[in-house]
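All remarks here apply to the structure that follows.
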Amino acid sequence: MTRIDASRAELDRLAAEVRRDPDSNWKRWGPYLSERQWGTVREDKSPDGRVWRAFTHDEAVWRAYRWGEDGILGLTDRQCRLAFSLALWNGKDPILKERLFGLSGPEGNHGEDVKECYYYLDSTPSHSYMKGLYKYPQQEFPYELLRTANSERSRLEPEYELTDTGVFDGNRYFDVFVEYAKAAPEDILIRITVANRGPKKARLHLLPQFVFRNTWSWGETSESHLARPSLELMEDGSVLAEHETLGRLRIDADGGPRGKAPEWIFTENETNSWRHEKPELSRASCKDAFHLYVVNGVKQAVNLKPRGTKAAAVYVIDVPAEGEREIRLRLRPQDVAPDPPFGDEFQQTFRTRIDEADAFYESKTCPGLDEDERRVLRQASAGLLWSKQFYYYVVNEWLDEKPEPDPMETDPMVLRNRDWQHLYNRNIISMPDKWEYPWYAAWDSAFHMLPFANLDPHFAREQLILFLREWYMHPNGQIPAYEWNFSDVNPPVHAWACWRIYQMTGTPGKRDREFLARAFQKLLLNFTWWVNRKDVRGKHVFTGGFLGLDNIGIFDRSKPLPTGGHLEQADGTAWMAYYCSSMLSIAFELADGNPAYEDMASKFFEHYVAIAEAMNSLDGTGLWDEEDGFYYDHLHINGRSIPLKIRSMVGIIPLFTVDILYERVIGKLPGFCKRMNWFLEHRQDLSEFMTYMEKNDGNGEGSQRLLAIPTRDRLERILKYVLDENEFLSPFGVRSLSKYHLEHPFVFGSNGDEMRVQYVPGESDSGMFGGNSNWRGPIWFPLNYLLIEAFERYHQFYGDSLKVECPTGSGNMMNLKEVADEIRRRLVRLFLADEEGVRPSYARGDRFTNDEHWTDLVLFYEYFHGDTGRGLGANHQTGWTALVAPILESLARDRAEAGEPDPTAFWADAAR
């Protein structure tokens, strides 16, 4: 196979999916298995709604799930009917290592947190090839130490991690690599490589296992009518899997290092209702039978007949010091199973799929990247693709299963989501992270789709449309936020994502206008919901909670204020202006050839102007502070409007809303031109406080007009804060709160209470918002990304006529494209190894700098320390942090255009 053929192979698979070609169902199987099903809202059947206590990690060993399955680096079909995953035992643990362990929200000193070392190394979009790594200690896994050590730490201390416990010292651990390669869409080859990194031979019990999701124990539900599936050992040593809708599948397992066929054991995926009886009284058919069989030696725990709904091949492997052992399995339709299952074709398929994966990423990657940058981009893409998950949640059925709440319970979350009984989720969805956030969040998903657009544009478009479908979107137009509370609100970025994906996928004249039109119609409903719900005074200044920027201020903005009154938000209002500008861009595009959209363009233009006018009003009701040169939230109480003078991302978000209108586009829309000209003639006062249709002669694209909330002067004043290294500008991006507030905290008194906001560069020091949420200083990728895009739009209009000092006080003048690139460079420094081999996002000790088995492993955290760059929050939240991929690509393109094919080290720039 030539390199060109290899690069086309994956692209052809994706194209066949779009065409719905027969035999092109390459995505039917993928990494869709959750890494944590326990402790989720879906599995909560408690009367008090405390999900972490309703279904714990310890109970997950023996309790059957209702709404999904979980496992380590697993694989399943797109409806999670049959799942494959690993079970491991080092001979010392009290249980099989069958799923990832982590601390629940109440247990962690910074909220929920996975305590494992695992890495997504590779995946193609069709999942024709995937590779992951799990690091398993050879000594007893320190479950209780991790619980107690974190419980004893305060919020002012870092989390106590698995790497801090000493279990990896002396390299006494196994690297367990799992690889999947598809010989055909439903012919899946599995290769497990166990590497002993230690100085002595070590034994590992390895149980590759298959389990049918329990769909038969829940009474009259949407799936319980199906006949009970089965796994059964055949005379030739294979296992037959039978399922009413999956069909008949054959599972083969090779002889492993000893060449001897493994022992197959079987049980039922049923809750162990007799778990608390004595083990010697144990009987078969329970979910934890393999634990009892392998760890406790209770042989009667597994089924006497080799048949059940859960099966495992038992391998006992002695791995020599610094040596490796390999196990192979194969899953395929019974009627097309070739013979033999593990001949030369098996390894050749892996070689072919790996070559195709390499060629695919070469075709998708700018040639200006160096080796380390390519590594970061490849693992970011792998994490994004591995984090696709089967998500099943039918709210009305779930509510029927809930017990009556305690009448003394006042928590409204006890019957959470009761207003969403239309919601029927059963899809493959891009998750923020499959352990800490094994559920979607609407605004996270929007950001995920930008890096997805380069990898799998069809999936990106379909995912955005999915959230607008009638079985997701509320009849009132609200997009579901996240499963903890679908009625909460995320910043409205869905329209922006739809517009950007449209621009990124296809060439002008050949883009998917049908996708854009479908999205626009549903977004109109959502926009109306926002306007009707969140504009308290009808003045185009918005209020209410915006999840994601929650604890950047002194109040929990999703709840009634302790002071009374209401809060008018600079960010909430700016987000709505941003919504308008995105809808305006879409309307312009759709109006070309369809005048019906022209009126909508006028509507969103005028709505944008109204919001900008309200934000900038000079009568004391606006949100601009002329003395400070910044936008602030205002507290309205007892007829007074009190600015809350906190320099935070809240005051920077108005910059995101900048939009460029092209005269060549406007000229084709006579109705819009008439309305616009009326505004230009009769509302000349608007230009006093906003960039109101300022015009230039363009730069090869014809005349342009600029629409922005701040005037040019106000923009420059805000940028002095943004680009000041003593305020917002960190060595690793733009902070969410100005460092000024470290020495000058904002303090607000009310009813004898003192509330304060102080710069906290790392984990949250407050429990007011729960978990590890902290916007009071760290660096967040999504908002940095939107700021970069805004700078580029400003530069497109102003060019070199607008230069600012960057960093502030340095004397170094940059245009805004150069400023955007500077922020890009700072962001990617988080992941790239410096001259000493240190990746700032890790900062976890020498192991990640000097050990060859750790140095090239990259994690993509939820957010990052504002001063050191250390990764914080969910450590596998590749989702929006995968935005590093397009950021790297943009830098590489700029280097190539500047005639720098050999990229220079960012760290040399930093040192200077």
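Ordered as shown in the structure tokens, chains take letters A, B, and onward, while each chain numbers its residues from 1 and ligands are numbered from 1 in the order shown.
The neighbours of Ala612 of chain A here are the residues that come within 8 Å of it, using only C-alpha atoms and leaving out any residue fewer than 4 positions away in the same chain; they are A:Ala577, A:Tyr608, A:Asn616, A:Met690, A:Ala708, A:Ile709.
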Using only C-alpha atoms, which residues sit within 9 Å of Phe459 of chain A once same-chain residues fewer than 6 positions away are excluded, as an mmCIF file with C-alpha atoms, in the first residue's frame?
```
data_model
loop_
_atom_site.group_PDB
_atom_site.id
_atom_site.type_symbol
_atom_site.label_atom_id
_atom_site.label_comp_id
_atom_site.auth_asym_id
_atom_site.auth_seq_id
_atom_site.Cartn_x
_atom_site.Cartn_y
_atom_site.Cartn_z
ATOM 1 C CA MET A 449 -16.745 20.187 17.639
ATOM 2 C CA PHE A 452 -13.675 17.379 15.566
ATOM 3 C CA ALA A 453 -14.310 19.393 12.395
#
```
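Every residue of segment 216-322 of chain A found in alpha helix (DSSP H) when DSSP is run on the backbone appears here: Ala289, Phe290, His291, Leu292, Tyr293 and Val294 of chain A.
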Write to file, as a CSV table (one decimal), in the first residue's frame, the residues of the selection just made, with C-alpha atoms.
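Below is the file that was written, part38.csv:
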```csv
chain,number,residue,atom,x,y,z
A,289,ALA,CA,-18.6,-13.8,40.4
A,290,PHE,CA,-15.3,-13.3,38.8
A,291,HIS,CA,-14.0,-11.4,41.8
A,292,LEU,CA,-15.1,-14.2,44.1
A,293,TYR,CA,-13.6,-16.8,41.7
A,294,VAL,CA,-10.2,-15.2,41.1
```
Would you list the contacts of Val61 of chain A as an NGL selection string, taking every protein, DNA or RNA residue within 9 Å and counting only C-alpha atoms, but skipping same-chain residues closer than 5 positions in sequence? :A and (95-96 or 98-99 or 287-288 or 291)
Looking at A:Val178, A:Ile660, A:Val414, A:Leu156, which one is nearest to Val760 of chain A, with distances taken over only C-alpha atoms? A:Leu156
Find, counting only C-alpha atoms, the residue in A:Val239, A:Leu655, A:Leu888, A:Ala601 that gets nearest to Cys673 of chain A. A:Ala601
For segment 433-511 of chain A against segment 395-410 of chain A, with a cut-off of 12 Å and counting only C-alpha atoms, what is the closest atom pair and its distance in Å to one decimal for every residue that makes the cut, ordered by chain and number, as a Markdown table?
```
| residue | atom | partner | partner_atom | distance |
| --- | --- | --- | --- | --- |
| A:Trp471 | CA | A:Val395 | CA | 10.8 |
| A:Tyr472 | CA | A:Val395 | CA | 10.9 |
| A:Glu483 | CA | A:Val395 | CA | 10.0 |
| A:Asn485 | CA | A:Val395 | CA | 11.7 |
| A:Phe486 | CA | A:Val395 | CA | 10.6 |
```
Please, could you write that set of residues out with N, CA and C atoms as a PDB file, in the first residue's frame?
```pdb
ATOM      1  N   TRP A 471     -36.226  15.640  20.762  1.00  0.00           N
ATOM      2  CA  TRP A 471     -36.121  14.768  21.938  1.00  0.00           C
ATOM      3  C   TRP A 471     -34.974  15.189  22.853  1.00  0.00           C
ATOM      4  N   TYR A 472     -34.266  16.260  22.487  1.00  0.00           N
ATOM      5  CA  TYR A 472     -33.279  16.896  23.365  1.00  0.00           C
ATOM      6  C   TYR A 472     -33.790  18.271  23.800  1.00  0.00           C
ATOM      7  N   GLU A 483     -26.633  16.619  33.019  1.00  0.00           N
ATOM      8  CA  GLU A 483     -27.600  15.746  33.661  1.00  0.00           C
ATOM      9  C   GLU A 483     -27.868  16.093  35.118  1.00  0.00           C
ATOM     10  N   ASN A 485     -28.568  18.860  36.285  1.00  0.00           N
ATOM     11  CA  ASN A 485     -29.730  19.746  36.244  1.00  0.00           C
ATOM     12  C   ASN A 485     -29.870  20.289  34.826  1.00  0.00           C
ATOM     13  N   PHE A 486     -30.685  19.632  34.014  1.00  0.00           N
ATOM     14  CA  PHE A 486     -30.849  20.044  32.624  1.00  0.00           C
ATOM     15  C   PHE A 486     -31.389  21.470  32.510  1.00  0.00           C
TER      16      PHE A 486
END
```
May I ask which of the residues A:Arg416, A:Arg533, A:Arg8, A:Arg250 is the closest one to Asp236 of chain A, counting only C-alpha atoms?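 Residue with the minimum atom-to-atom distance to Asp236 of chain A: A:Arg250.
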DSSP on the backbone, then: every residue of segment 586-668 of chain A marked strand (DSSP E), written as a list in words. Trp624, Asp625, Phe630, Tyr631, Asp633, His634, Leu635, His636, Ile637, Arg640, Ser641, Ile642, Pro643, Leu644, Asp659, Ile660, Leu661 and Tyr662 of chain A
Measure the distance from atom CA of Ser217 of chain A to atom CA of Gly74 of chain A in Å and round it to one decimal. 23.4 Å
Contacts of Val493 of chain A within 12 Å, only C-alpha atoms, excl. fewer than 2 positions in-chain, as an MDAnalysis selection string: chainID A and resid 441:449 464 479 489:491 495:500 523 526:527 546 572 574:583 656:657 782:783 786
Quote the spacing between atom CA of Pro125 of chain A and atom CA of Arg78 of chain A in Å to one decimal place.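 One can read the atom CA of Pro125 of chain A to atom CA of Arg78 of chain A distance as 14.1 Å.
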When you look at Gly102 of chain A with a cut-off of 9 Å (counting only C-alpha atoms), what residues show up, excluding the ones that are within fewer than 3 positions of it in the same chain? I need them as an MDAnalysis selection string. chainID A and resid 57 108 112:116 143 146:147 435:436
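The nearest approach to Ala882 of chain A among the residues A:Asp867, A:Glu69, A:Glu152, A:Asp433, with only C-alpha atoms taken into account, belongs to A:Asp433.
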Can you pull out every residue within 12 Å of segment 300-302 of chain A, counting only C-alpha atoms, but drop anything in the same chain fewer than 6 positions away, and send it as a VMD selection string? chain A and resid 264 to 269 272 274 to 275 279 to 294 308 to 312
Using only C-alpha atoms, determine which residues lie at most 12 Å from Phe689 of chain A, disregarding the query and same-chain residues fewer than 6 positions distant; provide the list as number ranges by chain. A: 609, 612-619, 622-626, 683, 707-715
Keeping only C-alpha atoms, write those residues as a JSON list (two decimals), in the first residue's frame.
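Printed below is out_15.json as written:
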```json
[["chain", "number", "residue", "atom", "x", "y", "z"],
["A", 609, "VAL", "CA", -27.27, 47.14, 18.50],
["A", 612, "ALA", "CA", -24.61, 47.08, 22.81],
["A", 613, "GLU", "CA", -26.47, 50.30, 23.52],
["A", 614, "ALA", "CA", -27.76, 48.94, 26.81],
["A", 615, "MET", "CA", -24.30, 47.77, 27.90],
["A", 616, "ASN", "CA", -22.73, 51.12, 27.08],
["A", 617, "SER", "CA", -25.52, 53.43, 28.18],
["A", 618, "LEU", "CA", -24.28, 56.73, 29.58],
["A", 619, "ASP", "CA", -27.29, 57.27, 31.86],
["A", 622, "GLY", "CA", -24.88, 50.61, 31.52],
["A", 623, "LEU", "CA", -22.13, 48.22, 32.48],
["A", 624, "TRP", "CA", -19.11, 50.21, 31.28],
["A", 625, "ASP", "CA", -17.02, 51.93, 33.95],
["A", 626, "GLU", "CA", -15.40, 55.01, 32.48],
["A", 683, "ARG", "CA", -28.75, 56.69, 15.31],
["A", 707, "LEU", "CA", -19.71, 45.95, 14.63],
["A", 708, "ALA", "CA", -18.43, 45.72, 18.21],
["A", 709, "ILE", "CA", -19.64, 46.47, 21.72],
["A", 710, "PRO", "CA", -16.71, 48.70, 22.75],
["A", 711, "THR", "CA", -15.38, 51.66, 20.78],
["A", 712, "ARG", "CA", -11.80, 51.44, 19.58],
["A", 713, "ASP", "CA", -10.71, 53.59, 22.53],
["A", 714, "ARG", "CA", -12.50, 51.33, 25.01],
["A", 715, "LEU", "CA", -11.02, 48.27, 23.32]]
```
Counting only C-alpha atoms, which of A:Ala241, A:Gly733, A:Pro185, A:Tyr136 gets nearest to Ala16 of chain A?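 Among the listed residues, A:Pro185 lies closest to Ala16 of chain A.
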Computed interatomic separation between atom CA of Cys80 of chain A and atom CA of Thr245 of chain A (Å): 11.6 Å
